[in-house]
file entry-v4.cif (mmCIF, C-alpha atoms)
data_data
loop_
_atom_site.label_atom_id
_atom_site.label_comp_id
_atom_site.auth_asym_id
_atom_site.auth_seq_id
_atom_site.Cartn_x
_atom_site.Cartn_y
_atom_site.Cartn_z
CA MET A 1 15.70 -47.68 -50.18
CA THR A 2 12.08 -47.78 -49.04
CA VAL A 3 11.99 -45.71 -45.87
CA ARG A 4 9.32 -46.88 -43.43
CA LEU A 5 10.59 -45.59 -40.09
CA LEU A 6 12.06 -42.29 -38.93
CA THR A 7 13.68 -42.09 -35.51
CA PHE A 8 14.41 -38.73 -33.92
CA ASP A 9 16.62 -37.43 -31.18
CA LEU A 10 14.84 -34.75 -29.13
CA ASP A 11 17.06 -32.32 -27.17
CA HIS A 12 18.89 -29.94 -29.53
CA THR A 13 17.14 -31.56 -32.49
CA LEU A 14 13.49 -30.63 -32.03
CA TRP A 15 14.13 -27.95 -29.41
CA ASP A 16 16.81 -26.29 -27.30
CA PRO A 17 16.38 -27.62 -23.73
CA THR A 18 18.68 -25.06 -22.07
CA ASP A 19 16.04 -22.77 -20.59
CA ALA A 20 13.89 -25.69 -19.44
CA LEU A 21 16.85 -27.33 -17.69
CA ILE A 22 17.76 -24.07 -15.94
CA ALA A 23 14.15 -23.68 -14.82
CA ALA A 24 14.09 -27.29 -13.65
CA GLU A 25 17.18 -26.85 -11.51
CA ARG A 26 15.66 -23.69 -10.03
CA ALA A 27 12.38 -25.47 -9.25
CA MET A 28 14.23 -28.33 -7.59
CA PHE A 29 16.34 -26.05 -5.39
CA ASP A 30 13.28 -23.98 -4.50
CA TRP A 31 11.55 -27.14 -3.33
CA ILE A 32 14.56 -28.15 -1.26
CA ARG A 33 14.86 -24.70 0.34
CA THR A 34 11.16 -24.70 1.22
CA HIS A 35 10.92 -28.24 2.60
CA SER A 36 14.40 -28.85 3.99
CA PRO A 37 16.37 -25.67 4.72
CA VAL A 38 19.05 -27.77 6.40
CA THR A 39 19.63 -29.64 3.13
CA ALA A 40 19.69 -26.39 1.19
CA ASP A 41 22.35 -25.07 3.57
CA PHE A 42 24.30 -28.32 3.49
CA TYR A 43 24.12 -28.62 -0.30
CA PRO A 44 23.90 -25.22 -2.02
CA PRO A 45 23.89 -25.43 -5.83
CA GLU A 46 27.66 -25.30 -6.30
CA LYS A 47 28.23 -28.08 -3.76
CA PHE A 48 25.33 -30.09 -5.17
CA HIS A 49 26.85 -30.00 -8.65
CA ALA A 50 30.28 -30.92 -7.35
CA TYR A 51 28.78 -33.92 -5.57
CA LYS A 52 26.88 -34.81 -8.75
CA LYS A 53 30.19 -35.01 -10.63
CA ASP A 54 31.73 -37.14 -7.88
CA LEU A 55 28.78 -39.53 -7.89
CA ALA A 56 28.86 -39.79 -11.67
CA ALA A 57 32.55 -40.67 -11.55
CA ALA A 58 31.92 -43.30 -8.88
CA TYR A 59 28.90 -44.84 -10.63
CA PRO A 60 29.30 -44.21 -14.38
CA ASP A 61 26.86 -46.97 -15.31
CA MET A 62 24.07 -45.06 -13.55
CA THR A 63 24.50 -41.75 -15.35
CA GLY A 64 22.83 -42.82 -18.59
CA ARG A 65 19.55 -43.28 -16.74
CA VAL A 66 19.25 -39.64 -15.92
CA SER A 67 16.04 -39.79 -13.87
CA GLU A 68 17.28 -42.64 -11.71
CA PHE A 69 20.61 -40.90 -11.26
CA ARG A 70 19.06 -37.59 -10.17
CA TYR A 71 16.68 -39.34 -7.77
CA GLU A 72 19.59 -41.21 -6.19
CA LEU A 73 21.59 -38.01 -5.94
CA LEU A 74 18.71 -36.30 -4.17
CA ARG A 75 18.11 -39.24 -1.85
CA ARG A 76 21.73 -39.15 -0.75
CA ILE A 77 21.82 -35.43 -0.02
CA PHE A 78 18.68 -35.69 2.13
CA LEU A 79 20.24 -38.60 4.02
CA GLN A 80 23.51 -36.76 4.49
CA SER A 81 21.74 -33.69 5.84
CA GLY A 82 20.02 -35.63 8.61
CA HIS A 83 16.78 -37.10 7.26
CA ASN A 84 15.98 -40.75 7.87
CA SER A 85 15.73 -43.29 5.02
CA GLU A 86 11.99 -43.05 4.56
CA GLN A 87 12.05 -39.25 4.62
CA ALA A 88 14.98 -39.17 2.20
CA ARG A 89 13.16 -41.38 -0.32
CA SER A 90 9.95 -39.38 -0.09
CA MET A 91 11.67 -36.02 -0.31
CA ALA A 92 13.88 -37.16 -3.18
CA LYS A 93 10.79 -38.16 -5.16
CA ALA A 94 9.05 -34.84 -4.47
CA ALA A 95 12.14 -32.78 -5.32
CA PHE A 96 12.63 -34.82 -8.48
CA ASP A 97 8.99 -34.30 -9.44
CA ALA A 98 9.47 -30.54 -9.13
CA PHE A 99 12.51 -30.82 -11.39
CA TYR A 100 10.79 -33.09 -13.89
CA GLN A 101 7.68 -30.98 -14.30
CA ALA A 102 9.76 -27.91 -15.11
CA ARG A 103 12.20 -29.88 -17.27
CA SER A 104 9.29 -31.01 -19.46
CA THR A 105 7.63 -27.59 -19.66
CA GLY A 106 8.63 -24.76 -21.96
CA LEU A 107 10.25 -26.97 -24.60
CA ASP A 108 9.46 -24.74 -27.54
CA LEU A 109 9.82 -26.46 -30.89
CA PHE A 110 12.24 -25.02 -33.42
CA PRO A 111 10.51 -23.18 -36.32
CA ASP A 112 8.62 -25.48 -38.71
CA VAL A 113 9.03 -28.60 -36.53
CA ALA A 114 5.31 -29.06 -35.85
CA ASP A 115 4.30 -28.74 -39.50
CA VAL A 116 7.12 -30.95 -40.76
CA MET A 117 6.50 -33.68 -38.18
CA THR A 118 2.79 -33.67 -39.01
CA GLU A 119 3.63 -34.11 -42.68
CA LEU A 120 6.18 -36.86 -42.03
CA ARG A 121 3.76 -38.87 -39.88
CA LYS A 122 1.43 -39.18 -42.90
CA GLN A 123 4.09 -41.22 -44.70
CA TYR A 124 6.30 -42.83 -42.05
CA GLN A 125 6.25 -44.36 -38.62
CA VAL A 126 7.94 -41.88 -36.28
CA ILE A 127 9.65 -42.82 -33.01
CA ALA A 128 11.55 -40.58 -30.60
CA ILE A 129 14.70 -42.06 -29.05
CA SER A 130 16.34 -39.81 -26.50
CA ASN A 131 19.05 -39.82 -23.89
CA GLY A 132 17.09 -37.09 -22.13
CA ASN A 133 14.09 -37.63 -19.90
CA ALA A 134 11.55 -35.04 -21.03
CA ASP A 135 7.91 -36.11 -20.78
CA LEU A 136 6.34 -35.49 -24.19
CA SER A 137 2.84 -35.38 -22.72
CA ILE A 138 3.78 -32.62 -20.29
CA ALA A 139 5.66 -30.82 -23.08
CA GLY A 140 2.60 -31.03 -25.31
CA HIS A 141 4.43 -32.81 -28.14
CA SER A 142 3.38 -36.45 -27.73
CA HIS A 143 1.07 -36.19 -30.78
CA LEU A 144 4.12 -35.81 -33.02
CA PHE A 145 5.29 -39.40 -32.39
CA ASP A 146 4.02 -42.94 -32.53
CA HIS A 147 6.31 -43.97 -29.65
CA HIS A 148 8.89 -42.43 -27.34
CA LEU A 149 11.89 -44.41 -26.05
CA LYS A 150 14.09 -42.95 -23.30
CA ALA A 151 17.43 -43.87 -21.82
CA ASP A 152 15.69 -44.19 -18.45
CA ASP A 153 14.47 -47.55 -19.80
CA TYR A 154 17.34 -48.51 -22.12
CA ASP A 155 21.09 -48.06 -22.33
CA ALA A 156 21.82 -44.55 -23.56
CA LYS A 157 23.00 -43.82 -27.09
CA PRO A 158 25.43 -44.57 -28.65
CA ALA A 159 24.48 -48.00 -27.27
CA PRO A 160 22.24 -49.78 -29.78
CA ASP A 161 19.41 -50.67 -27.39
CA MET A 162 16.94 -47.91 -28.27
CA PHE A 163 17.60 -48.29 -31.98
CA HIS A 164 16.94 -52.04 -31.78
CA ALA A 165 13.78 -51.43 -29.75
CA ALA A 166 12.50 -48.92 -32.29
CA LEU A 167 13.07 -51.37 -35.17
CA GLU A 168 11.23 -54.11 -33.28
CA ILE A 169 8.30 -51.85 -32.38
CA ALA A 170 7.95 -50.63 -35.96
CA GLY A 171 8.52 -54.07 -37.50
CA VAL A 172 11.10 -52.78 -39.96
CA SER A 173 14.73 -53.42 -40.84
CA ALA A 174 17.67 -51.10 -40.29
CA GLY A 175 17.80 -50.55 -44.06
CA GLN A 176 14.26 -49.17 -43.98
CA THR A 177 15.09 -46.66 -41.26
CA VAL A 178 16.52 -43.16 -41.09
CA HIS A 179 17.65 -41.53 -37.84
CA ILE A 180 17.76 -37.76 -37.41
CA GLY A 181 19.77 -36.08 -34.66
CA ASP A 182 22.26 -33.38 -33.77
CA HIS A 183 25.01 -35.46 -32.14
CA PRO A 184 27.71 -36.84 -34.47
CA GLU A 185 28.55 -39.84 -32.26
CA GLN A 186 25.35 -40.57 -30.34
CA ASP A 187 23.08 -40.07 -33.34
CA VAL A 188 24.76 -40.35 -36.73
CA ALA A 189 27.64 -42.73 -36.01
CA ALA A 190 25.56 -44.88 -33.65
CA ALA A 191 22.82 -45.27 -36.25
CA GLN A 192 25.21 -46.04 -39.08
CA GLU A 193 26.91 -48.72 -36.99
CA LEU A 194 23.61 -50.61 -37.16
CA GLY A 195 23.00 -50.03 -40.87
CA ILE A 196 20.58 -47.15 -40.27
CA LYS A 197 21.01 -44.03 -42.38
CA GLY A 198 21.94 -41.00 -40.30
CA ILE A 199 20.90 -37.42 -41.03
CA TRP A 200 22.76 -34.74 -39.11
CA PHE A 201 20.88 -31.69 -37.84
CA ASN A 202 23.58 -29.02 -38.11
CA ASP A 203 21.76 -25.82 -37.21
CA LYS A 204 25.01 -24.21 -36.01
CA LYS A 205 26.55 -24.90 -39.44
CA VAL A 206 29.78 -26.22 -37.98
CA ASP A 207 32.27 -28.57 -39.61
CA TRP A 208 31.68 -32.29 -39.23
CA PRO A 209 34.04 -33.40 -36.42
CA LEU A 210 34.57 -37.12 -37.11
CA SER A 211 37.16 -38.43 -39.55
CA ASP A 212 36.00 -42.04 -39.90
CA VAL A 213 32.26 -41.42 -40.34
CA THR A 214 30.26 -38.97 -42.43
CA PRO A 215 26.52 -38.33 -42.28
CA ASN A 216 24.35 -39.67 -45.06
CA ALA A 217 22.81 -36.21 -45.29
CA GLU A 218 22.55 -33.05 -43.25
CA PHE A 219 20.22 -30.10 -42.84
CA SER A 220 20.40 -26.82 -40.96
CA HIS A 221 16.73 -25.79 -40.87
CA TRP A 222 13.64 -27.91 -40.39
CA SER A 223 12.08 -26.57 -43.58
CA GLN A 224 14.71 -28.65 -45.44
CA LEU A 225 14.02 -32.00 -43.81
CA VAL A 226 11.23 -33.45 -45.97
CA LEU A 227 13.26 -32.95 -49.15
CA THR A 228 16.42 -34.20 -47.42
CA ILE A 229 14.73 -37.47 -46.51
CA SER A 230 13.24 -37.84 -49.98
CA ALA A 231 16.58 -37.20 -51.66
CA LEU A 232 18.32 -39.71 -49.39
CA ALA A 233 15.71 -42.36 -50.18
CA ASP A 234 16.01 -41.70 -53.93
CA THR A 235 19.81 -41.95 -54.00
CA SER A 236 19.73 -45.17 -51.95
CA SER A 237 17.13 -47.00 -54.03
#
call {"tool": "encode", "arguments": {"input": "entry-v4.cif", "output": "structure tokens"}}
result
Amino acid sequence: MTVRLLTFDLDHTLWDPTDALIAAERAMFDWIRTHSPVTADFYPPEKFHAYKKDLAAAYPDMTGRVSEFRYELLRRIFLQSGHNSEQARSMAKAAFDAFYQARSTGLDLFPDVADVMTELRKQYQVIAISNGNADLSIAGHSHLFDHHLKADDYDAKPAPDMFHAALEIAGVSAGQTVHIGDHPEQDVAAAQELGIKGIWFNDKKVDWPLSDVTPNAEFSHWSQLVLTISALADTSS
């Protein structure tokens, strides 16, 4: 197999987003408390998250587009706490912007990621495909990729949309592509369904959870990835 394209998941594959997401929630609630105390009182964090679950259950098709979903959630809580439609839209955008800036900041790469990605880009096209909504420019990692596809613009994985888009952008076939990610279903199984080889990032060193699918390869530390891709290409040729 001649590998020409590598596609990468981002959250939990290149970095752990936990701290950034916590900081983003804090920045969003700080903005709300400062600019609309009535909304902060009406929707404290625990009530906000309960309403988020209710809205997700009512509109499951919206949840894959995480930025759109959060904006709509914010718009509704501003409306429900007494702001008019125009105010609610404006405040929702500003509160979301506070969230988004923090969500895309402090995404520290796992050890060796920067060096490995730099090496891989010398040989392959490299495209990020993510269900998350981090801004790679804000994060300071846009130079690691040729393109970045997000579920805000496509159906979220395991839907095939982002994979298909990546193949079209790169001008390659599924058989010339390897996808790397941490999620057994959204990354490995979804890629294999399309004829793309799937490499599982298993940094927790847990057992593979699916019975009907197995990864084409796996690695637990980024220092192993270049050889893992090379070995997979050699055994598939």
call {"tool": "atom_distance", "arguments": {"input": "entry-v4.cif", "atom1": "CA of Asp234 in chain A", "atom2": "CA of Val126 in chain A"}}
result
19.4 Å
call {"tool": "closest_residue", "arguments": {"input": "entry-v4.cif", "among": "A:Lys197, A:Arg75, A:Arg103, A:Lys157", "to": "Thr214 in chain A", "atoms": "only C-alpha atoms"}}
result
A:Lys197
call {"tool": "atom_distance", "arguments": {"input": "entry-v4.cif", "atom1": "CA of Leu210 in chain A", "atom2": "CA of Gly181 in chain A"}}
result
15.0 Å
call {"tool": "closest_residue", "arguments": {"input": "entry-v4.cif", "among": "A:Thr34, A:Asn133, A:Thr13, A:Gln176", "to": "Ala95 in chain A", "atoms": "all atoms listed in the file"}}
result
A:Thr34
call {"tool": "atom_distance", "arguments": {"input": "entry-v4.cif", "atom1": "CA of Ile196 in chain A", "atom2": "CA of Leu136 in chain A"}}
result
24.4 Å
call {"tool": "resolve_selection", "arguments": {"input": "entry-v4.cif", "expression": "the PyMOL selection byres ((chain A and resi 186) around 10)", "output": "number ranges by chain"}}
result
A: 9, 130-131, 156-160, 181-185, 187-191
call {"tool": "write_last_selection", "arguments": {"input": "entry-v4.cif", "atoms": "C-alpha atoms", "output": "PDB file, in the frame of the given file"}}
result
ATOM      1  CA  ASP A   9      16.620 -37.430 -31.180  1.00  0.00           C
ATOM      2  CA  SER A 130      16.340 -39.810 -26.500  1.00  0.00           C
ATOM      3  CA  ASN A 131      19.050 -39.820 -23.890  1.00  0.00           C
ATOM      4  CA  ALA A 156      21.820 -44.550 -23.560  1.00  0.00           C
ATOM      5  CA  LYS A 157      23.000 -43.820 -27.090  1.00  0.00           C
ATOM      6  CA  PRO A 158      25.430 -44.570 -28.650  1.00  0.00           C
ATOM      7  CA  ALA A 159      24.480 -48.000 -27.270  1.00  0.00           C
ATOM      8  CA  PRO A 160      22.240 -49.780 -29.780  1.00  0.00           C
ATOM      9  CA  GLY A 181      19.770 -36.080 -34.660  1.00  0.00           C
ATOM     10  CA  ASP A 182      22.260 -33.380 -33.770  1.00  0.00           C
ATOM     11  CA  HIS A 183      25.010 -35.460 -32.140  1.00  0.00           C
ATOM     12  CA  PRO A 184      27.710 -36.840 -34.470  1.00  0.00           C
ATOM     13  CA  GLU A 185      28.550 -39.840 -32.260  1.00  0.00           C
ATOM     14  CA  ASP A 187      23.080 -40.070 -33.340  1.00  0.00           C
ATOM     15  CA  VAL A 188      24.760 -40.350 -36.730  1.00  0.00           C
ATOM     16  CA  ALA A 189      27.640 -42.730 -36.010  1.00  0.00           C
ATOM     17  CA  ALA A 190      25.560 -44.880 -33.650  1.00  0.00           C
ATOM     18  CA  ALA A 191      22.820 -45.270 -36.250  1.00  0.00           C
TER      19      ALA A 191
END
call {"tool": "closest_residue", "arguments": {"input": "entry-v4.cif", "among": "A:Ser81, A:Ile127, A:Trp200, A:Ala114", "to": "Glu168 in chain A", "atoms": "all atoms listed in the file"}}
result
A:Ile127
call {"tool": "resolve_selection", "arguments": {"input": "entry-v4.cif", "expression": "the PyMOL selection byres ((chain A and resi 195) around 9)", "output": "list in words"}}
result
Ser173, Ala174, Gly175, Thr177, Ala191, Gln192, Glu193, Leu194, Ile196 and Lys197 of chain A
call {"tool": "resolve_selection", "arguments": {"input": "entry-v4.cif", "expression": "the PyMOL selection byres ((chain A and resi 64-68) around 9)", "output": "ChimeraX atom specification"}}
result
/A:60-63,69-73,96,100,131-133,150-157
call {"tool": "write_last_selection", "arguments": {"input": "entry-v4.cif", "atoms": "C-alpha atoms", "output": "short mmCIF file (atom, residue, chain, number, x, y, z; two decimals), in the frame of the given file"}}
result
data_model
loop_
_atom_site.label_atom_id
_atom_site.label_comp_id
_atom_site.auth_asym_id
_atom_site.auth_seq_id
_atom_site.Cartn_x
_atom_site.Cartn_y
_atom_site.Cartn_z
CA PRO A 60 29.30 -44.21 -14.38
CA ASP A 61 26.86 -46.97 -15.31
CA MET A 62 24.07 -45.06 -13.55
CA THR A 63 24.50 -41.75 -15.35
CA PHE A 69 20.61 -40.90 -11.26
CA ARG A 70 19.06 -37.59 -10.17
CA TYR A 71 16.68 -39.34 -7.77
CA GLU A 72 19.59 -41.21 -6.19
CA LEU A 73 21.59 -38.01 -5.94
CA PHE A 96 12.63 -34.82 -8.48
CA TYR A 100 10.79 -33.09 -13.89
CA ASN A 131 19.05 -39.82 -23.89
CA GLY A 132 17.09 -37.09 -22.13
CA ASN A 133 14.09 -37.63 -19.90
CA LYS A 150 14.09 -42.95 -23.30
CA ALA A 151 17.43 -43.87 -21.82
CA ASP A 152 15.69 -44.19 -18.45
CA ASP A 153 14.47 -47.55 -19.80
CA TYR A 154 17.34 -48.51 -22.12
CA ASP A 155 21.09 -48.06 -22.33
CA ALA A 156 21.82 -44.55 -23.56
CA LYS A 157 23.00 -43.82 -27.09
#
call {"tool": "residues_near_point", "arguments": {"input": "entry-v4.cif", "point": "(20.3, -24.5, -39.7)", "cutoff": "10 Å", "atoms": "all atoms listed in the file", "output": "list in words"}}
result
Phe201, Asn202, Asp203, Lys204, Lys205, Val206, Glu218, Phe219, Ser220, His221, Trp222, Ser223 and Gln224 of chain A
call {"tool": "residues_around", "arguments": {"input": "entry-v4.cif", "residues": "Ala88 in chain A", "least_positions_apart": "4", "cutoff": "10 Å", "atoms": "only C-alpha atoms", "output": "ChimeraX atom specification"}}
result
/A:72,74-84,92-94
call {"tool": "write_last_selection", "arguments": {"input": "entry-v4.cif", "atoms": "C-alpha atoms", "output": "short mmCIF file (atom, residue, chain, number, x, y, z; two decimals), in the frame of the given file"}}
result
data_model
loop_
_atom_site.label_atom_id
_atom_site.label_comp_id
_atom_site.auth_asym_id
_atom_site.auth_seq_id
_atom_site.Cartn_x
_atom_site.Cartn_y
_atom_site.Cartn_z
CA GLU A 72 19.59 -41.21 -6.19
CA LEU A 74 18.71 -36.30 -4.17
CA ARG A 75 18.11 -39.24 -1.85
CA ARG A 76 21.73 -39.15 -0.75
CA ILE A 77 21.82 -35.43 -0.02
CA PHE A 78 18.68 -35.69 2.13
CA LEU A 79 20.24 -38.60 4.02
CA GLN A 80 23.51 -36.76 4.49
CA SER A 81 21.74 -33.69 5.84
CA GLY A 82 20.02 -35.63 8.61
CA HIS A 83 16.78 -37.10 7.26
CA ASN A 84 15.98 -40.75 7.87
CA ALA A 92 13.88 -37.16 -3.18
CA LYS A 93 10.79 -38.16 -5.16
CA ALA A 94 9.05 -34.84 -4.47
#
call {"tool": "axis_aligned_box", "arguments": {"input": "entry-v4.cif", "around": "range 143-146 of chain A", "padding_each_side": "5 Å", "output": "JSON"}}
result
{"center_x": 3.2, "center_y": -39.4, "center_z": -31.9, "size_x": 14.2, "size_y": 17.1, "size_z": 12.2}
call {"tool": "closest_residue", "arguments": {"input": "entry-v4.cif", "among": "A:Asp30, A:Asp41, A:Asp112, A:Asp207", "to": "Leu14 in chain A", "atoms": "only C-alpha atoms"}}
result
A:Asp112
call {"tool": "residues_around", "arguments": {"input": "entry-v4.cif", "residues": "range 42-48 of chain A", "least_positions_apart": "3", "cutoff": "8 Å", "atoms": "all atoms listed in the file", "output": "list of chain:residue names"}}
result
A:Phe29, A:Val38, A:Thr39, A:Tyr51, A:Lys52, A:Ile77, A:Ser81
call {"tool": "write_last_selection", "arguments": {"input": "entry-v4.cif", "atoms": "C-alpha atoms", "output": "mmCIF file, in the frame of the given file"}}
result
data_model
loop_
_atom_site.group_PDB
_atom_site.id
_atom_site.type_symbol
_atom_site.label_atom_id
_atom_site.label_comp_id
_atom_site.auth_asym_id
_atom_site.auth_seq_id
_atom_site.Cartn_x
_atom_site.Cartn_y
_atom_site.Cartn_z
ATOM 1 C CA PHE A 29 16.340 -26.050 -5.390
ATOM 2 C CA VAL A 38 19.050 -27.770 6.400
ATOM 3 C CA THR A 39 19.630 -29.640 3.130
ATOM 4 C CA TYR A 51 28.780 -33.920 -5.570
ATOM 5 C CA LYS A 52 26.880 -34.810 -8.750
ATOM 6 C CA ILE A 77 21.820 -35.430 -0.020
ATOM 7 C CA SER A 81 21.740 -33.690 5.840
#
call {"tool": "closest_residue", "arguments": {"input": "entry-v4.cif", "among": "A:Ile129, A:Leu232, A:Ile138, A:Trp15", "to": "His164 in chain A", "atoms": "only C-alpha atoms"}}
result
A:Ile129
call {"tool": "residues_around", "arguments": {"input": "entry-v4.cif", "residues": "His147 in chain A", "least_positions_apart": "2", "cutoff": "12 Å", "atoms": "only C-alpha atoms", "output": "JSON, numbers by chain"}}
result
{"A": [5, 6, 7, 8, 121, 125, 126, 127, 128, 129, 130, 135, 136, 137, 141, 142, 143, 144, 145, 149, 150, 162, 165, 166, 167, 168, 169, 170]}
